[in-house]
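coords.cif (mmCIF, C-alpha atoms and all ligand atoms)
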```cif
data_model
#
loop_
_atom_site.label_atom_id
_atom_site.label_comp_id
_atom_site.auth_asym_id
_atom_site.auth_seq_id
_atom_site.Cartn_x
_atom_site.Cartn_y
_atom_site.Cartn_z
CA MET A 1 226.96 96.00 34.24
CA PRO A 2 227.93 99.55 35.33
CA GLN A 3 227.75 102.30 32.74
CA ASN A 4 231.02 103.58 31.34
CA ARG A 5 231.09 107.20 32.54
CA ILE A 6 232.98 108.38 29.46
CA GLN A 7 230.69 106.65 26.98
CA PHE A 8 227.62 107.87 28.86
CA GLN A 9 228.80 111.42 29.49
CA LYS A 10 226.22 114.08 28.81
CA GLY A 11 226.44 115.65 25.39
CA MET A 12 224.44 118.38 23.72
CA SER A 13 221.36 117.26 21.83
CA LEU A 14 220.61 118.77 18.42
CA ASP A 15 217.51 120.28 19.97
CA GLU A 16 219.55 122.01 22.69
CA TYR A 17 222.09 123.11 20.09
CA ILE A 18 219.44 124.74 17.86
CA ASP A 19 217.98 126.42 20.90
CA GLN A 20 221.35 127.98 21.83
CA TYR A 21 223.01 128.56 18.45
CA GLY A 22 220.24 128.26 15.85
CA THR A 23 220.46 131.78 14.41
CA ASP A 24 223.24 134.08 13.17
CA SER A 25 222.56 136.57 15.96
CA LYS A 26 222.82 133.88 18.65
CA CYS A 27 226.13 132.72 17.15
CA GLU A 28 227.40 136.32 16.98
CA GLN A 29 226.46 136.79 20.61
CA ALA A 30 228.29 133.58 21.60
CA LEU A 31 231.37 134.65 19.63
CA GLU A 32 231.28 138.09 21.21
CA GLU A 33 231.15 136.58 24.70
CA ALA A 34 233.97 134.15 23.93
CA ARG A 35 236.17 136.82 22.37
CA TRP A 36 235.56 139.77 24.69
CA SER A 37 234.47 138.09 27.92
CA ARG A 38 236.40 140.75 29.87
CA GLY A 39 235.14 143.61 27.73
CA TYR A 40 236.06 144.91 24.31
CA ALA A 41 239.67 145.90 23.55
CA CYS A 42 240.73 147.20 20.13
CA PRO A 43 243.02 144.59 18.50
CA LYS A 44 245.14 147.38 16.95
CA CYS A 45 245.73 149.83 19.78
CA GLY A 46 244.34 147.97 22.81
CA CYS A 47 242.06 150.84 23.86
CA THR A 48 238.80 149.81 25.48
CA ALA A 49 236.84 153.04 24.88
CA HIS A 50 234.59 152.41 21.91
CA CYS A 51 231.19 152.78 20.33
CA THR A 52 229.12 150.24 18.37
CA PHE A 53 226.90 150.67 15.34
CA TYR A 54 225.21 148.51 12.69
CA ARG A 55 226.11 148.54 8.99
CA ASN A 56 224.45 146.18 6.49
CA GLY A 57 222.86 144.41 9.43
CA LYS A 58 226.25 143.66 11.03
CA LYS A 59 227.32 144.96 14.41
CA HIS A 60 230.57 146.98 14.23
CA TRP A 61 232.90 148.15 16.99
CA GLN A 62 234.85 151.39 16.58
CA CYS A 63 237.65 152.37 18.96
CA ARG A 64 237.64 155.94 20.22
CA ASP A 65 241.28 156.84 19.59
CA HIS A 66 241.90 155.58 16.07
CA LYS A 67 238.36 155.05 14.75
CA HIS A 68 239.40 151.50 13.86
CA GLN A 69 236.30 149.50 12.88
CA ILE A 70 235.85 145.75 13.17
CA THR A 71 233.13 143.11 13.47
CA VAL A 72 233.28 140.20 15.90
CA GLN A 73 234.44 137.98 12.99
CA SER A 74 237.43 140.20 12.09
CA GLY A 75 240.76 138.46 12.64
CA THR A 76 239.15 135.06 13.32
CA ILE A 77 238.77 132.04 11.01
CA PHE A 78 235.36 133.48 10.10
CA HIS A 79 237.00 136.68 8.82
CA ALA A 80 235.57 137.82 5.47
CA SER A 81 233.62 134.56 5.14
CA ARG A 82 230.38 134.84 3.21
CA LEU A 83 229.10 131.67 4.86
CA PRO A 84 226.55 132.54 7.57
CA LEU A 85 227.97 132.16 11.08
CA ARG A 86 225.21 129.69 12.01
CA LYS A 87 226.52 127.28 9.33
CA TRP A 88 230.09 127.55 10.70
CA PHE A 89 228.75 126.78 14.16
CA LEU A 90 226.65 123.88 12.84
CA ALA A 91 229.77 122.45 11.18
CA MET A 92 231.59 122.66 14.53
CA TYR A 93 228.70 120.85 16.18
CA PHE A 94 228.68 117.97 13.70
CA MET A 95 232.46 117.68 13.66
CA THR A 96 232.66 117.32 17.44
CA GLN A 97 229.66 115.09 18.15
CA SER A 98 231.03 111.84 16.82
CA LYS A 99 234.28 110.14 17.76
CA THR A 100 234.40 108.72 14.25
CA ASN A 101 234.70 112.16 12.63
CA ILE A 102 232.56 113.33 9.70
CA SER A 103 233.50 113.41 6.03
CA ALA A 104 233.29 116.64 4.00
CA LEU A 105 230.67 114.88 1.87
CA SER A 106 228.42 114.27 4.88
CA LEU A 107 229.08 117.77 6.18
CA LYS A 108 227.98 119.21 2.83
CA ARG A 109 224.60 117.49 3.22
CA HIS A 110 224.18 118.31 6.91
CA ILE A 111 224.83 122.06 6.66
CA GLY A 112 223.53 122.59 3.12
CA VAL A 113 226.58 123.92 1.26
CA SER A 114 228.59 122.90 -1.80
CA TYR A 115 231.27 120.21 -1.46
CA PRO A 116 234.22 122.66 -1.89
CA THR A 117 232.74 124.88 0.84
CA ALA A 118 232.23 121.92 3.19
CA TRP A 119 235.80 120.74 2.51
CA LEU A 120 237.20 124.22 3.20
CA VAL A 121 235.16 124.69 6.38
CA LYS A 122 236.20 121.29 7.68
CA HIS A 123 239.90 121.85 6.98
CA LYS A 124 239.92 125.34 8.46
CA LEU A 125 238.30 124.04 11.64
CA MET A 126 240.65 121.04 11.83
CA GLN A 127 243.69 123.28 11.29
CA THR A 128 242.52 125.61 14.06
CA MET A 129 242.02 122.71 16.47
CA ALA A 130 245.40 121.21 15.50
CA GLU A 131 247.24 124.51 16.07
CA ARG A 132 245.62 124.99 19.44
CA GLU A 133 246.29 121.43 20.60
CA ASP A 134 249.82 121.39 19.21
CA ARG A 135 250.91 123.66 22.06
CA ARG A 136 249.48 121.39 24.75
CA GLN A 137 252.16 119.42 26.58
CA LEU A 138 251.04 116.23 28.29
CA THR A 139 251.71 116.05 32.00
CA GLY A 140 251.19 113.65 34.92
CA ARG A 141 251.02 110.01 33.87
CA VAL A 142 251.57 109.67 30.12
CA VAL A 143 251.52 106.40 28.16
CA ALA A 144 253.12 106.51 24.71
CA ASP A 145 253.58 104.07 21.86
CA ASP A 146 254.53 104.27 18.21
CA ALA A 147 251.68 103.82 15.74
CA TYR A 148 251.59 103.21 12.03
CA LEU A 149 248.69 104.93 10.32
CA GLY A 150 248.06 104.68 6.64
CA GLY A 151 247.44 101.95 4.16
CA VAL A 152 246.37 101.40 0.63
CA THR A 153 244.54 103.99 -1.45
CA VAL A 154 241.98 102.17 -3.54
CA GLY A 155 240.08 103.12 -6.67
CA GLY A 156 242.73 105.56 -7.81
CA LYS A 157 244.56 105.95 -11.08
CA ARG A 158 247.60 104.04 -12.20
CA GLY A 159 250.46 104.26 -9.79
CA ARG A 160 248.25 104.58 -6.76
CA GLY A 161 247.44 101.70 -4.47
CA ALA A 162 250.93 101.59 -3.10
CA LYS A 163 251.18 101.17 0.64
CA LYS A 164 251.58 104.55 2.27
CA THR A 165 252.14 104.15 5.97
CA GLY A 166 253.03 107.00 8.29
CA LEU A 167 254.87 106.68 11.57
CA PHE A 168 253.23 108.49 14.49
CA MET A 169 253.88 108.75 18.18
CA ALA A 170 250.62 108.30 20.07
CA ALA A 171 250.44 109.43 23.67
CA VAL A 172 247.65 109.61 26.26
CA GLU A 173 247.57 111.56 29.50
CA VAL A 174 245.60 109.65 32.12
CA ASP A 175 244.24 110.95 35.41
CA GLU A 176 244.39 109.35 38.88
CA ASP A 177 241.29 107.26 38.03
CA SER A 178 243.06 105.98 34.89
CA ALA A 179 240.68 107.90 32.60
CA VAL A 180 242.08 109.63 29.52
CA ARG A 181 242.42 113.40 29.78
CA TYR A 182 244.26 114.26 26.57
CA VAL A 183 245.62 112.46 23.52
CA ARG A 184 248.40 113.49 21.13
CA PHE A 185 249.30 112.09 17.73
CA ASP A 186 252.56 113.43 16.30
CA ARG A 187 254.08 112.51 12.98
CA LEU A 188 257.65 111.18 13.27
CA SER A 189 260.10 110.72 10.43
CA ASN A 190 261.78 107.77 12.15
CA MET A 191 262.27 106.15 15.54
CA SER A 192 265.79 107.45 16.13
CA ALA A 193 266.72 108.80 19.56
CA ILE A 194 267.12 112.31 18.08
CA SER A 195 263.67 112.23 16.51
CA ILE A 196 262.05 110.93 19.69
CA LYS A 197 263.90 113.40 21.88
CA SER A 198 262.63 116.37 19.84
CA TRP A 199 259.12 114.87 20.07
CA ALA A 200 259.45 114.54 23.86
CA ILE A 201 260.61 118.17 24.23
CA LYS A 202 257.62 119.38 22.23
CA ALA A 203 254.90 117.04 23.48
CA LEU A 204 255.73 116.30 27.11
CA HIS A 205 255.94 118.47 30.19
CA SER A 206 259.19 117.90 32.05
CA ASP A 207 257.39 116.61 35.17
CA CYS A 208 255.47 113.84 33.42
CA HIS A 209 255.80 110.18 34.33
CA LEU A 210 256.28 108.43 31.05
CA VAL A 211 255.30 104.82 30.41
CA THR A 212 256.47 103.10 27.24
CA ASP A 213 257.12 99.58 26.07
CA GLY A 214 260.62 98.23 25.80
CA TYR A 215 260.87 98.42 22.03
CA SER A 216 261.28 102.12 21.48
CA SER A 217 264.25 104.33 22.24
CA LEU A 218 261.89 106.64 24.13
CA PRO A 219 263.24 105.97 27.63
CA ALA A 220 266.79 106.97 26.69
CA ALA A 221 265.64 110.09 24.85
CA ALA A 222 263.19 111.08 27.57
CA SER A 223 265.77 110.74 30.34
CA GLN A 224 267.96 113.27 28.54
CA ILE A 225 265.40 115.99 28.99
CA GLY A 226 264.67 115.38 32.64
CA ILE A 227 261.46 113.38 32.28
CA HIS A 228 260.51 111.31 35.33
CA THR A 229 261.84 107.74 35.41
CA PRO A 230 259.98 105.76 32.77
CA VAL A 231 258.44 102.38 33.47
CA VAL A 232 259.66 99.92 30.86
CA VAL A 233 257.90 96.62 30.21
CA SER A 234 259.04 93.56 28.32
CA PRO A 235 258.79 93.70 24.54
CA GLY A 236 255.57 92.29 23.09
CA GLN A 237 253.61 92.55 26.32
CA SER A 238 252.03 95.95 25.76
CA SER A 239 248.73 94.67 24.32
CA GLU A 240 248.21 92.44 27.37
CA LEU A 241 249.00 94.99 30.05
CA ASP A 242 246.31 97.13 31.61
CA CYS A 243 248.50 100.25 31.61
CA PHE A 244 248.54 100.12 27.80
CA ARG A 245 244.78 99.62 27.50
CA TRP A 246 244.02 103.26 26.67
CA ILE A 247 246.81 103.81 24.19
CA ASN A 248 245.81 100.65 22.33
CA THR A 249 242.14 101.73 22.43
CA VAL A 250 242.99 105.20 21.09
CA ILE A 251 245.10 103.83 18.23
CA GLY A 252 242.36 101.27 17.42
CA ASN A 253 239.62 103.92 17.48
CA THR A 254 241.66 106.18 15.21
CA LYS A 255 242.02 103.41 12.63
CA THR A 256 238.30 102.59 12.90
CA ALA A 257 237.39 106.27 12.45
CA MET A 258 239.58 106.57 9.36
CA THR A 259 238.11 103.43 7.82
CA GLY A 260 234.52 104.36 8.68
CA THR A 261 234.72 107.96 7.48
CA TYR A 262 236.97 107.81 4.45
CA HIS A 263 235.68 104.88 2.40
CA GLY A 264 238.30 105.23 -0.33
CA PHE A 265 241.04 104.52 2.17
CA LYS A 266 241.92 101.13 3.59
CA VAL A 267 243.91 101.30 6.81
CA SER A 268 246.59 98.66 7.03
CA LYS A 269 246.51 96.47 10.13
ZN ZN A 301 242.10 151.14 18.10
#
```
Step by step, read the file and then write its structure as structure tokens.
Amino acid sequence: MPQNRIQFQKGMSLDEYIDQYGTDSKCEQALEEARWSRGYACPKCGCTAHCTFYRNGKKHWQCRDHKHQITVQSGTIFHASRLPLRKWFLAMYFMTQSKTNISALSLKRHIGVSYPTAWLVKHKLMQTMAEREDRRQLTGRVVADDAYLGGVTVGGKRGRGAKKTGLFMAAVEVDEDSAVRYVRFDRLSNMSAISIKSWAIKALHSDCHLVTDGYSSLPAAASQIGIHTPVVVSPGQSSELDCFRWINTVIGNTKTAMTGTYHGFKVSK
């Protein structure tokens, strides 16, 4: 049986990771290269003339015109953090190595911090990734379907345990070889044409070729904003059709990840 090229894609081993980012200075260097790959520019005045010096073991940059001083962490999510940079980087490594996510409790053990710190680090990193990806519009061939994520919270106090299900629009951008390039999950308040149209404006590039099933009001909403002619299939067929394979896989994997990572949460089928 041939290997699945996505499942068998090359990752970064822990050994390689430690070799590249195992110390604070290596992480600082990586951050410096990522932030100022085209050379330093003062974030306040934009001037590039500067000098550098060390204070309390930290490298500082000072612009020539205004004597404005910053470190490479200033103005980033690491700003004013007392957590060593190598632990932030290690958290990023663990959070991105598994498709099933990692709980704050596991992260606490892996990077050696308290639970509140692990929770904060995880949520700051997730928020940063969400904000960056929120701006990405899907283009080319896009397959979308509504998904219901949520379920029953167990082990809670009185009043909990009620079914809490959220409506999402799931969409995958696939390339010419039918491999997934990008995925979006967007919370929707309802499946009305207005709600779906505002989702389409935000999430889809106007040149995309949208594929949906026949249940949703997506085709009508999408056509109003100049999206390419959608391909509509008969209701109830989506799970059997190959073109919906990826969207069904993505929704299934998301539910599996939620169940596997957050044990106090039962995802409804
Ligand atoms: Zn300046």
Extract, using all atoms listed in the file, all DNA, RNA and protein residues at most 9 Å from A:Gln69, discarding same-chain residues fewer than 3 positions from it, and format them as a PyMOL selection string. chain A and resi 42+60-63+66
For chain A against ligand ZN 301 (chain A), with a cut-off of 12 Å and counting only C-alpha atoms and all ligand atoms, what is the closest atom pair and its distance in Å to one decimal for every residue that makes the cut, ordered by chain and number, as a tab-separated table?
```
residue	atom	partner	partner_atom	distance
A:Tyr40	CA	A:ZN301	ZN	10.7
A:Ala41	CA	A:ZN301	ZN	7.9
A:Cys42	CA	A:ZN301	ZN	4.6
A:Pro43	CA	A:ZN301	ZN	6.6
A:Lys44	CA	A:ZN301	ZN	5.0
A:Cys45	CA	A:ZN301	ZN	4.2
A:Gly46	CA	A:ZN301	ZN	6.1
A:Cys47	CA	A:ZN301	ZN	5.8
A:Thr48	CA	A:ZN301	ZN	8.2
A:Ala49	CA	A:ZN301	ZN	8.8
A:His50	CA	A:ZN301	ZN	8.5
A:Cys51	CA	A:ZN301	ZN	11.3
A:Trp61	CA	A:ZN301	ZN	9.7
A:Gln62	CA	A:ZN301	ZN	7.4
A:Cys63	CA	A:ZN301	ZN	4.7
A:Arg64	CA	A:ZN301	ZN	6.9
A:Asp65	CA	A:ZN301	ZN	5.9
A:His66	CA	A:ZN301	ZN	4.9
A:Lys67	CA	A:ZN301	ZN	6.4
A:His68	CA	A:ZN301	ZN	5.0
A:Gln69	CA	A:ZN301	ZN	8.0
A:Ile70	CA	A:ZN301	ZN	9.6
```
Hey, what's within 8 Å of A:Val72 if we count only C-alpha atoms and toss same-chain stuff fewer than 6 positions away? As a list in words, please?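 Result of the neighbour search: Glu28, Leu31, Glu32, Arg35, Lys59 and His60 of chain A.
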How many Å lie between atom CA of A:Gly11 and atom CA of A:Gly252, rounded to one decimal? 22.9 Å
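The residue that comes closest to A:Ser195, out of A:Gly260, A:Phe168, A:Tyr54, A:Val180 and on the basis of only C-alpha atoms, is A:Phe168.
Atom CA of A:Trp36 is positioned 26.3 Å from atom CA of A:Gln137.
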Calculated over all atoms listed in the file, which of the candidates A:Trp88, A:Trp246, A:Phe53, A:Tyr182 has the smallest distance to A:Thr71?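 Among the listed residues, A:Phe53 lies closest to A:Thr71.
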Of the candidates A:Val172, A:Leu204, A:Leu218, A:Leu138, which one gets nearest to A:Met191 if we count only C-alpha atoms?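 Of the candidates, the smallest distance to A:Met191 is held by A:Leu218.
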When you count only C-alpha atoms, which of these residues is closest to A:Asn101: A:Gln73, A:Leu188, A:Leu210, A:Thr261? A:Thr261
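Atom CA of A:Ile201 is found 11.4 Å from atom CA of A:Arg135.
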Which one is closest to A:His205: A:Val142, A:Leu149, A:Met258, A:Leu83? Count only C-alpha atoms. A:Val142
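By all atoms listed in the file, and with residues fewer than 6 positions from stretch 18-21 of chain A along its chain excluded, the set lying at most 12 Å from it is Met12, Cys27, Glu28, Gln29, Ala30, Leu31, Leu85, Arg86, Lys87, Trp88, Phe89, Leu90, Ala91, Met92 and Tyr93 of chain A.
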